[in-house]
>>> print(open('protein.csv').read())   # CSV, C-alpha atoms
chain,number,residue,atom,x,y,z
A,354,MET,CA,60.0,38.8,167.3
A,355,ALA,CA,63.1,38.8,169.5
A,356,ARG,CA,63.9,37.6,172.9
A,357,TYR,CA,64.4,40.0,175.9
A,358,MET,CA,65.6,39.8,179.4
A,359,ASP,CA,64.3,42.6,181.6
A,360,VAL,CA,65.5,43.4,185.1
A,361,HIS,CA,63.5,44.9,188.0
A,362,ARG,CA,65.4,46.2,191.0
A,363,GLY,CA,64.2,47.2,194.5
A,364,MET,CA,61.7,44.3,194.8
A,365,HIS,CA,63.0,43.4,198.2
A,366,GLY,CA,60.9,40.8,200.0
A,367,ILE,CA,58.9,39.8,197.0
A,368,THR,CA,56.9,36.6,197.7
A,369,ALA,CA,56.1,33.7,195.5
A,370,GLU,CA,52.5,34.9,195.4
A,371,GLN,CA,53.4,38.5,194.5
A,372,LEU,CA,55.7,37.2,191.7
A,373,MET,CA,52.9,35.0,190.4
A,374,GLU,CA,50.3,37.8,190.6
A,375,ALA,CA,52.7,40.2,188.7
A,376,HIS,CA,53.3,37.5,186.0
A,377,GLN,CA,49.6,36.8,185.7
A,378,ALA,CA,48.9,40.5,185.3
A,379,ASP,CA,51.4,40.7,182.5
A,380,LEU,CA,50.1,37.6,180.8
A,381,ALA,CA,46.5,38.9,180.9
A,382,ILE,CA,47.4,41.9,178.6
A,383,GLU,CA,50.6,40.9,176.9
A,384,GLY,CA,48.8,39.9,173.7
A,385,GLU,CA,47.8,43.5,173.1
A,386,GLU,CA,51.4,44.3,172.4
A,387,GLY,CA,52.4,41.0,170.8
A,388,VAL,CA,54.5,40.1,173.8
A,389,HIS,CA,54.8,36.8,175.6
A,390,PHE,CA,56.4,36.6,179.0
A,391,GLU,CA,58.0,33.1,179.2
A,392,ARG,CA,59.6,32.9,182.6
A,393,ALA,CA,60.5,35.0,185.6
A,394,TRP,CA,63.0,34.5,188.5
A,395,ALA,CA,63.2,36.5,191.7
A,396,ASP,CA,65.7,37.1,194.4
A,397,PRO,CA,63.8,38.6,197.4
A,398,GLU,CA,67.0,39.3,199.3
A,399,SER,CA,68.6,41.6,196.6
A,400,GLY,CA,65.2,42.6,195.3
A,401,THR,CA,66.0,41.6,191.8
A,402,VAL,CA,63.5,40.1,189.3
A,403,TYR,CA,64.5,38.8,185.8
A,404,CYS,CA,61.8,38.3,183.2
A,405,LEU,CA,62.4,36.4,179.9
A,406,SER,CA,60.1,37.3,177.0
A,407,GLU,CA,59.5,37.3,173.3
A,408,ALA,CA,58.4,40.5,171.9
A,409,PRO,CA,58.4,42.8,168.8
A,410,SER,CA,60.5,45.4,170.6
A,411,PRO,CA,61.9,46.4,174.0
A,412,GLU,CA,59.3,49.2,174.1
A,413,ALA,CA,56.5,46.7,173.8
A,414,VAL,CA,57.9,44.8,176.8
A,415,GLN,CA,58.1,48.0,178.8
A,416,ARG,CA,54.6,49.1,177.9
A,417,ILE,CA,53.1,45.9,179.3
A,418,HIS,CA,55.2,46.1,182.5
A,419,GLU,CA,54.3,49.8,182.9
A,420,ARG,CA,50.6,49.1,182.5
A,421,THR,CA,50.7,46.4,185.2
A,422,GLY,CA,52.5,48.7,187.6
A,423,HIS,CA,56.0,47.3,187.5
A,424,LYS,CA,58.2,49.2,185.1
A,425,ALA,CA,61.5,47.4,184.3
A,426,ASP,CA,64.8,49.1,185.2
A,427,GLU,CA,66.5,47.5,182.2
A,428,VAL,CA,65.3,45.7,179.1
A,429,HIS,CA,68.0,43.9,177.2
A,430,PRO,CA,67.6,42.1,173.9
A,431,VAL,CA,69.2,38.6,174.2
A,432,PRO,CA,69.5,37.4,170.7
A,433,LEU,CA,71.9,34.6,171.7
A,434,SER,CA,71.0,31.7,173.9
A,435,VAL,CA,72.2,28.2,174.7
B,937,MET,CA,70.4,22.7,195.7
B,938,ALA,CA,69.2,26.1,194.8
B,939,ARG,CA,68.7,28.0,191.6
B,940,TYR,CA,71.0,30.9,190.7
B,941,MET,CA,71.1,33.6,188.0
B,942,ASP,CA,74.6,35.0,187.4
B,943,VAL,CA,75.5,38.0,185.3
B,944,HIS,CA,78.6,38.7,183.3
B,945,ARG,CA,79.3,42.2,182.0
B,946,GLY,CA,81.8,43.5,179.5
B,947,MET,CA,81.2,40.7,177.0
B,948,HIS,CA,80.6,43.1,174.1
B,949,GLY,CA,80.5,41.5,170.7
B,950,ILE,CA,80.1,37.9,172.1
B,951,THR,CA,79.2,35.6,169.2
B,952,ALA,CA,76.9,32.5,169.3
B,953,GLU,CA,79.9,30.3,169.0
B,954,GLN,CA,81.7,32.0,171.9
B,955,LEU,CA,78.6,31.6,174.0
B,956,MET,CA,78.3,28.0,173.1
B,957,GLU,CA,82.0,27.3,173.8
B,958,ALA,CA,81.9,29.0,177.2
B,959,HIS,CA,78.7,27.1,178.1
B,960,GLN,CA,80.3,23.8,177.0
B,961,ALA,CA,83.4,24.5,179.0
B,962,ASP,CA,81.2,25.0,182.1
B,963,LEU,CA,79.3,21.9,181.4
B,964,ALA,CA,82.5,19.9,181.1
B,965,ILE,CA,83.5,20.5,184.7
B,966,GLU,CA,80.3,21.5,186.5
B,967,GLY,CA,79.8,18.1,188.0
B,968,GLU,CA,83.0,18.5,190.1
B,969,GLU,CA,81.1,21.2,192.1
B,970,GLY,CA,77.7,19.7,191.9
B,971,VAL,CA,76.5,22.6,189.6
B,972,HIS,CA,74.3,22.4,186.5
B,973,PHE,CA,74.2,25.3,184.1
B,974,GLU,CA,70.7,25.1,182.5
B,975,ARG,CA,70.5,28.0,180.1
B,976,ALA,CA,72.4,31.2,179.1
B,977,TRP,CA,71.3,34.3,177.3
B,978,ALA,CA,73.6,37.0,175.8
B,979,ASP,CA,73.2,40.5,174.6
B,980,PRO,CA,76.3,41.3,172.5
B,981,GLU,CA,75.5,45.0,172.3
B,982,SER,CA,75.4,45.7,176.0
B,983,GLY,CA,77.9,42.9,176.7
B,984,THR,CA,75.7,41.2,179.2
B,985,VAL,CA,75.4,37.4,179.7
B,986,TYR,CA,72.9,35.8,182.0
B,987,CYS,CA,73.4,32.2,183.2
B,988,LEU,CA,70.7,30.1,185.0
B,989,SER,CA,72.0,27.3,187.1
B,990,GLU,CA,71.2,24.9,189.9
B,991,ALA,CA,74.0,24.6,192.5
B,992,PRO,CA,74.7,23.9,196.1
B,993,SER,CA,76.0,27.5,196.6
B,994,PRO,CA,76.8,30.7,194.8
B,995,GLU,CA,80.5,30.0,195.5
B,996,ALA,CA,80.2,26.7,193.6
B,997,VAL,CA,78.8,28.5,190.6
B,998,GLN,CA,81.6,31.1,190.7
B,999,ARG,CA,84.3,28.5,191.1
B,1000,ILE,CA,83.2,26.8,187.8
B,1001,HIS,CA,83.0,30.1,186.0
B,1002,GLU,CA,86.4,31.1,187.3
B,1003,ARG,CA,88.1,27.9,186.3
B,1004,THR,CA,86.7,28.2,182.7
B,1005,GLY,CA,88.0,31.8,182.5
B,1006,HIS,CA,84.8,33.8,182.8
B,1007,LYS,CA,84.2,34.9,186.4
B,1008,ALA,CA,80.7,36.2,187.0
B,1009,ASP,CA,80.2,39.8,188.1
B,1010,GLU,CA,77.1,38.9,190.1
B,1011,VAL,CA,75.6,35.6,191.3
B,1012,HIS,CA,72.1,35.9,192.6
B,1013,PRO,CA,70.1,33.1,194.2
B,1014,VAL,CA,66.6,33.1,192.6
B,1015,PRO,CA,64.5,30.9,194.9
B,1016,LEU,CA,61.3,32.1,193.3
B,1017,SER,CA,60.3,31.4,189.7
B,1018,VAL,CA,57.2,31.3,187.5
>>> encode(input="protein.csv", output="structure tokens")
Amino acid sequence: MARYMDVHRGMHGITAEQLMEAHQADLAIEGEEGVHFERAWADPESGTVYCLSEAPSPEAVQRIHERTGHKADEVHPVPLSV
Amino acid sequence: MARYMDVHRGMHGITAEQLMEAHQADLAIEGEEGVHFERAWADPESGTVYCLSEAPSPEAVQRIHERTGHKADEVHPVPLSV
């Protein structure tokens, strides 16, 4: 398991409810890929969403996001944290 | 006070110690701008560092990072989180 930060762009105007719905959709199926989405942060103005997860691979993170209809633009491993 | 995610690029090969040192340097002076850096995550391979903070403005976040020698490439407000 490793930690990942993925980034979604073009989410201009995203609301708190939409962020929650997207996160809940990910949580509902994440176990099928051994992924856990821990947190997400959104900037409606720039349309950027950051998701922090633990997962066996970046591909597993992306498969969950794809299945819930919001493919990530970038998935970065973040092995270091403070 | 608002929450911000800032992004540093070009930090290829950053080590756990360097990330900790940079974070400690920020923590040492953050109070002077009313900023608090909560967490940071780094990907040494792509050279990307993400910092999560609470601050009165994006400029305050940037002033701390500039004074400690690591100006951010982007500072995004992230008013929404889950």
>>> atom_distance(input="protein.csv", atom1="atom CA of Glu953 of chain B", atom2="atom CA of His1001 of chain B")
17.3 Å
>>> interface_residues(input="protein.csv", of="chain A", to="chain B", cutoff="12 Å", atoms="only C-alpha atoms", output="ChimeraX atom specification")
/A:355-360,366-377,380,390-406,427-435
>>> write_last_selection(input="protein.csv", atoms="C-alpha atoms", output="compact mmCIF listing (two decimals), in the frame of the given file")
# COMPACT_ATOMS: atom_id res chain seq x y z
CA ALA A 355 63.10 38.80 169.50
CA ARG A 356 63.90 37.60 172.90
CA TYR A 357 64.40 40.00 175.90
CA MET A 358 65.60 39.80 179.40
CA ASP A 359 64.30 42.60 181.60
CA VAL A 360 65.50 43.40 185.10
CA GLY A 366 60.90 40.80 200.00
CA ILE A 367 58.90 39.80 197.00
CA THR A 368 56.90 36.60 197.70
CA ALA A 369 56.10 33.70 195.50
CA GLU A 370 52.50 34.90 195.40
CA GLN A 371 53.40 38.50 194.50
CA LEU A 372 55.70 37.20 191.70
CA MET A 373 52.90 35.00 190.40
CA GLU A 374 50.30 37.80 190.60
CA ALA A 375 52.70 40.20 188.70
CA HIS A 376 53.30 37.50 186.00
CA GLN A 377 49.60 36.80 185.70
CA LEU A 380 50.10 37.60 180.80
CA PHE A 390 56.40 36.60 179.00
CA GLU A 391 58.00 33.10 179.20
CA ARG A 392 59.60 32.90 182.60
CA ALA A 393 60.50 35.00 185.60
CA TRP A 394 63.00 34.50 188.50
CA ALA A 395 63.20 36.50 191.70
CA ASP A 396 65.70 37.10 194.40
CA PRO A 397 63.80 38.60 197.40
CA GLU A 398 67.00 39.30 199.30
CA SER A 399 68.60 41.60 196.60
CA GLY A 400 65.20 42.60 195.30
CA THR A 401 66.00 41.60 191.80
CA VAL A 402 63.50 40.10 189.30
CA TYR A 403 64.50 38.80 185.80
CA CYS A 404 61.80 38.30 183.20
CA LEU A 405 62.40 36.40 179.90
CA SER A 406 60.10 37.30 177.00
CA GLU A 427 66.50 47.50 182.20
CA VAL A 428 65.30 45.70 179.10
CA HIS A 429 68.00 43.90 177.20
CA PRO A 430 67.60 42.10 173.90
CA VAL A 431 69.20 38.60 174.20
CA PRO A 432 69.50 37.40 170.70
CA LEU A 433 71.90 34.60 171.70
CA SER A 434 71.00 31.70 173.90
CA VAL A 435 72.20 28.20 174.70
>>> calpha_fit_and_write(input="protein.csv", fixed="chain B", moving="chain A", output="PDB file with C-alpha atoms, in the frame of the given file")
ATOM      1  CA  MET A 354      70.406  22.652 195.663  1.00  0.00           C
ATOM      2  CA  ALA A 355      69.142  26.123 194.766  1.00  0.00           C
ATOM      3  CA  ARG A 356      68.713  28.025 191.629  1.00  0.00           C
ATOM      4  CA  TYR A 357      71.036  30.960 190.629  1.00  0.00           C
ATOM      5  CA  MET A 358      71.137  33.620 188.052  1.00  0.00           C
ATOM      6  CA  ASP A 359      74.625  34.955 187.402  1.00  0.00           C
ATOM      7  CA  VAL A 360      75.472  38.023 185.352  1.00  0.00           C
ATOM      8  CA  HIS A 361      78.611  38.675 183.258  1.00  0.00           C
ATOM      9  CA  ARG A 362      79.266  42.205 182.070  1.00  0.00           C
ATOM     10  CA  GLY A 363      81.715  43.566 179.455  1.00  0.00           C
ATOM     11  CA  MET A 364      81.152  40.680 176.984  1.00  0.00           C
ATOM     12  CA  HIS A 365      80.643  43.076 174.146  1.00  0.00           C
ATOM     13  CA  GLY A 366      80.480  41.402 170.743  1.00  0.00           C
ATOM     14  CA  ILE A 367      80.109  37.921 172.062  1.00  0.00           C
ATOM     15  CA  THR A 368      79.131  35.495 169.253  1.00  0.00           C
ATOM     16  CA  ALA A 369      76.841  32.556 169.263  1.00  0.00           C
ATOM     17  CA  GLU A 370      79.887  30.310 168.970  1.00  0.00           C
ATOM     18  CA  GLN A 371      81.773  31.973 171.844  1.00  0.00           C
ATOM     19  CA  LEU A 372      78.630  31.678 174.046  1.00  0.00           C
ATOM     20  CA  MET A 373      78.323  28.009 173.145  1.00  0.00           C
ATOM     21  CA  GLU A 374      82.040  27.319 173.736  1.00  0.00           C
ATOM     22  CA  ALA A 375      81.845  29.083 177.197  1.00  0.00           C
ATOM     23  CA  HIS A 376      78.716  27.003 178.106  1.00  0.00           C
ATOM     24  CA  GLN A 377      80.351  23.803 176.942  1.00  0.00           C
ATOM     25  CA  ALA A 378      83.421  24.579 179.020  1.00  0.00           C
ATOM     26  CA  ASP A 379      81.274  25.045 182.070  1.00  0.00           C
ATOM     27  CA  LEU A 380      79.276  21.915 181.434  1.00  0.00           C
ATOM     28  CA  ALA A 381      82.453  19.815 181.034  1.00  0.00           C
ATOM     29  CA  ILE A 382      83.502  20.495 184.713  1.00  0.00           C
ATOM     30  CA  GLU A 383      80.344  21.574 186.444  1.00  0.00           C
ATOM     31  CA  GLY A 384      79.795  18.135 187.979  1.00  0.00           C
ATOM     32  CA  GLU A 385      82.916  18.541 190.081  1.00  0.00           C
ATOM     33  CA  GLU A 386      81.136  21.180 192.071  1.00  0.00           C
ATOM     34  CA  GLY A 387      77.625  19.735 191.892  1.00  0.00           C
ATOM     35  CA  VAL A 388      76.520  22.516 189.598  1.00  0.00           C
ATOM     36  CA  HIS A 389      74.382  22.345 186.497  1.00  0.00           C
ATOM     37  CA  PHE A 390      74.213  25.250 184.112  1.00  0.00           C
ATOM     38  CA  GLU A 391      70.692  25.121 182.552  1.00  0.00           C
ATOM     39  CA  ARG A 392      70.523  28.026 180.166  1.00  0.00           C
ATOM     40  CA  ALA A 393      72.380  31.137 179.120  1.00  0.00           C
ATOM     41  CA  TRP A 394      71.303  34.327 177.229  1.00  0.00           C
ATOM     42  CA  ALA A 395      73.566  36.980 175.774  1.00  0.00           C
ATOM     43  CA  ASP A 396      73.253  40.513 174.624  1.00  0.00           C
ATOM     44  CA  PRO A 397      76.359  41.293 172.478  1.00  0.00           C
ATOM     45  CA  GLU A 398      75.473  44.965 172.218  1.00  0.00           C
ATOM     46  CA  SER A 399      75.464  45.670 176.045  1.00  0.00           C
ATOM     47  CA  GLY A 400      77.905  42.858 176.665  1.00  0.00           C
ATOM     48  CA  THR A 401      75.698  41.199 179.168  1.00  0.00           C
ATOM     49  CA  VAL A 402      75.397  37.405 179.683  1.00  0.00           C
ATOM     50  CA  TYR A 403      72.845  35.772 182.083  1.00  0.00           C
ATOM     51  CA  CYS A 404      73.382  32.184 183.150  1.00  0.00           C
ATOM     52  CA  LEU A 405      70.682  30.114 184.962  1.00  0.00           C
ATOM     53  CA  SER A 406      71.936  27.236 187.120  1.00  0.00           C
ATOM     54  CA  GLU A 407      71.266  24.836 189.920  1.00  0.00           C
ATOM     55  CA  ALA A 408      73.926  24.582 192.424  1.00  0.00           C
ATOM     56  CA  PRO A 409      74.774  23.883 196.124  1.00  0.00           C
ATOM     57  CA  SER A 410      75.942  27.458 196.640  1.00  0.00           C
ATOM     58  CA  PRO A 411      76.789  30.703 194.832  1.00  0.00           C
ATOM     59  CA  GLU A 412      80.478  29.961 195.502  1.00  0.00           C
ATOM     60  CA  ALA A 413      80.227  26.697 193.641  1.00  0.00           C
ATOM     61  CA  VAL A 414      78.801  28.549 190.623  1.00  0.00           C
ATOM     62  CA  GLN A 415      81.623  31.059 190.764  1.00  0.00           C
ATOM     63  CA  ARG A 416      84.311  28.425 191.088  1.00  0.00           C
ATOM     64  CA  ILE A 417      83.226  26.742 187.857  1.00  0.00           C
ATOM     65  CA  HIS A 418      82.996  30.077 185.983  1.00  0.00           C
ATOM     66  CA  GLU A 419      86.410  31.126 187.363  1.00  0.00           C
ATOM     67  CA  ARG A 420      88.018  27.873 186.280  1.00  0.00           C
ATOM     68  CA  THR A 421      86.699  28.272 182.717  1.00  0.00           C
ATOM     69  CA  GLY A 422      87.993  31.818 182.509  1.00  0.00           C
ATOM     70  CA  HIS A 423      84.802  33.802 182.829  1.00  0.00           C
ATOM     71  CA  LYS A 424      84.215  34.949 186.372  1.00  0.00           C
ATOM     72  CA  ALA A 425      80.652  36.251 186.986  1.00  0.00           C
ATOM     73  CA  ASP A 426      80.171  39.878 188.084  1.00  0.00           C
ATOM     74  CA  GLU A 427      77.112  38.908 190.121  1.00  0.00           C
ATOM     75  CA  VAL A 428      75.632  35.644 191.322  1.00  0.00           C
ATOM     76  CA  HIS A 429      72.125  35.918 192.651  1.00  0.00           C
ATOM     77  CA  PRO A 430      70.105  33.144 194.236  1.00  0.00           C
ATOM     78  CA  VAL A 431      66.611  33.067 192.596  1.00  0.00           C
ATOM     79  CA  PRO A 432      64.558  30.954 194.854  1.00  0.00           C
ATOM     80  CA  LEU A 433      61.297  32.128 193.245  1.00  0.00           C
ATOM     81  CA  SER A 434      60.296  31.437 189.698  1.00  0.00           C
ATOM     82  CA  VAL A 435      57.184  31.326 187.545  1.00  0.00           C
TER      83      VAL A 435
END
>>> atom_distance(input="protein.csv", atom1="atom CA of Glu419 of chain A", atom2="atom CA of His361 of chain A")
11.6 Å
>>> atom_distance(input="protein.csv", atom1="atom CA of Ala991 of chain B", atom2="atom CA of His972 of chain B")
6.4 Å
>>> residues_around(input="protein.csv", residues="Met937 of chain B", least_positions_apart="3", cutoff="8 Å", atoms="only C-alpha atoms", output="number ranges by chain")
B: 990-993
>>> residues_around(input="protein.csv", residues="Thr1004 of chain B", least_positions_apart="5", cutoff="9 Å", atoms="only C-alpha atoms", output="list in words")
Ala958, Ala961, Asp962, Ile965 and Arg999 of chain B
>>> build_atoms(input="protein.csv", residues="segment 970-988 of chain B", atoms="N, CA, C and O atoms", output="compact mmCIF listing (two decimals), in the coordinates of the input")
# COMPACT_ATOMS: atom_id res chain seq x y z
N GLY B 970 79.08 19.96 191.71
CA GLY B 970 77.70 19.70 191.90
C GLY B 970 76.75 20.74 191.28
O GLY B 970 75.60 20.92 191.68
N VAL B 971 77.28 21.47 190.29
CA VAL B 971 76.50 22.60 189.60
C VAL B 971 75.96 22.03 188.32
O VAL B 971 76.54 21.14 187.69
N HIS B 972 74.80 22.58 187.91
CA HIS B 972 74.30 22.40 186.50
C HIS B 972 73.91 23.69 185.93
O HIS B 972 73.00 24.36 186.46
N PHE B 973 74.55 24.05 184.83
CA PHE B 973 74.20 25.30 184.10
C PHE B 973 73.08 24.88 183.11
O PHE B 973 73.29 24.05 182.22
N GLU B 974 71.89 25.50 183.30
CA GLU B 974 70.70 25.10 182.50
C GLU B 974 70.62 25.88 181.20
O GLU B 974 70.35 25.30 180.15
N ARG B 975 70.74 27.19 181.28
CA ARG B 975 70.50 28.00 180.10
C ARG B 975 71.46 29.24 180.23
O ARG B 975 71.90 29.59 181.33
N ALA B 976 71.70 29.89 179.11
CA ALA B 976 72.40 31.20 179.10
C ALA B 976 71.87 32.03 178.00
O ALA B 976 71.47 31.51 176.95
N TRP B 977 71.84 33.33 178.24
CA TRP B 977 71.30 34.30 177.30
C TRP B 977 72.33 35.43 177.16
O TRP B 977 72.85 35.88 178.18
N ALA B 978 72.57 35.91 175.95
CA ALA B 978 73.60 37.00 175.80
C ALA B 978 73.06 38.12 174.94
O ALA B 978 72.34 37.92 173.95
N ASP B 979 73.48 39.30 175.35
CA ASP B 979 73.20 40.50 174.60
C ASP B 979 74.59 41.09 174.18
O ASP B 979 75.28 41.75 174.97
N PRO B 980 75.02 40.81 172.95
CA PRO B 980 76.30 41.30 172.50
C PRO B 980 76.49 42.78 172.54
O PRO B 980 77.60 43.28 172.75
N GLU B 981 75.39 43.50 172.35
CA GLU B 981 75.50 45.00 172.30
C GLU B 981 75.82 45.57 173.63
O GLU B 981 76.74 46.39 173.73
N SER B 982 75.12 45.17 174.67
CA SER B 982 75.40 45.70 176.00
C SER B 982 76.54 44.89 176.69
O SER B 982 77.06 45.29 177.74
N GLY B 983 76.88 43.73 176.10
CA GLY B 983 77.90 42.90 176.70
C GLY B 983 77.53 42.14 177.91
O GLY B 983 78.35 41.81 178.75
N THR B 984 76.21 41.85 178.00
CA THR B 984 75.70 41.20 179.20
C THR B 984 75.35 39.72 178.88
O THR B 984 74.75 39.42 177.86
N VAL B 985 75.76 38.83 179.78
CA VAL B 985 75.40 37.40 179.70
C VAL B 985 74.74 36.99 180.99
O VAL B 985 75.25 37.30 182.07
N TYR B 986 73.61 36.31 180.88
CA TYR B 986 72.90 35.80 182.00
C TYR B 986 72.97 34.26 181.97
O TYR B 986 72.70 33.67 180.91
N CYS B 987 73.31 33.63 183.09
CA CYS B 987 73.40 32.20 183.20
C CYS B 987 72.44 31.69 184.28
O CYS B 987 72.53 32.18 185.41
N LEU B 988 71.62 30.72 183.97
CA LEU B 988 70.70 30.10 185.00
C LEU B 988 71.30 28.76 185.35
O LEU B 988 71.64 27.94 184.47
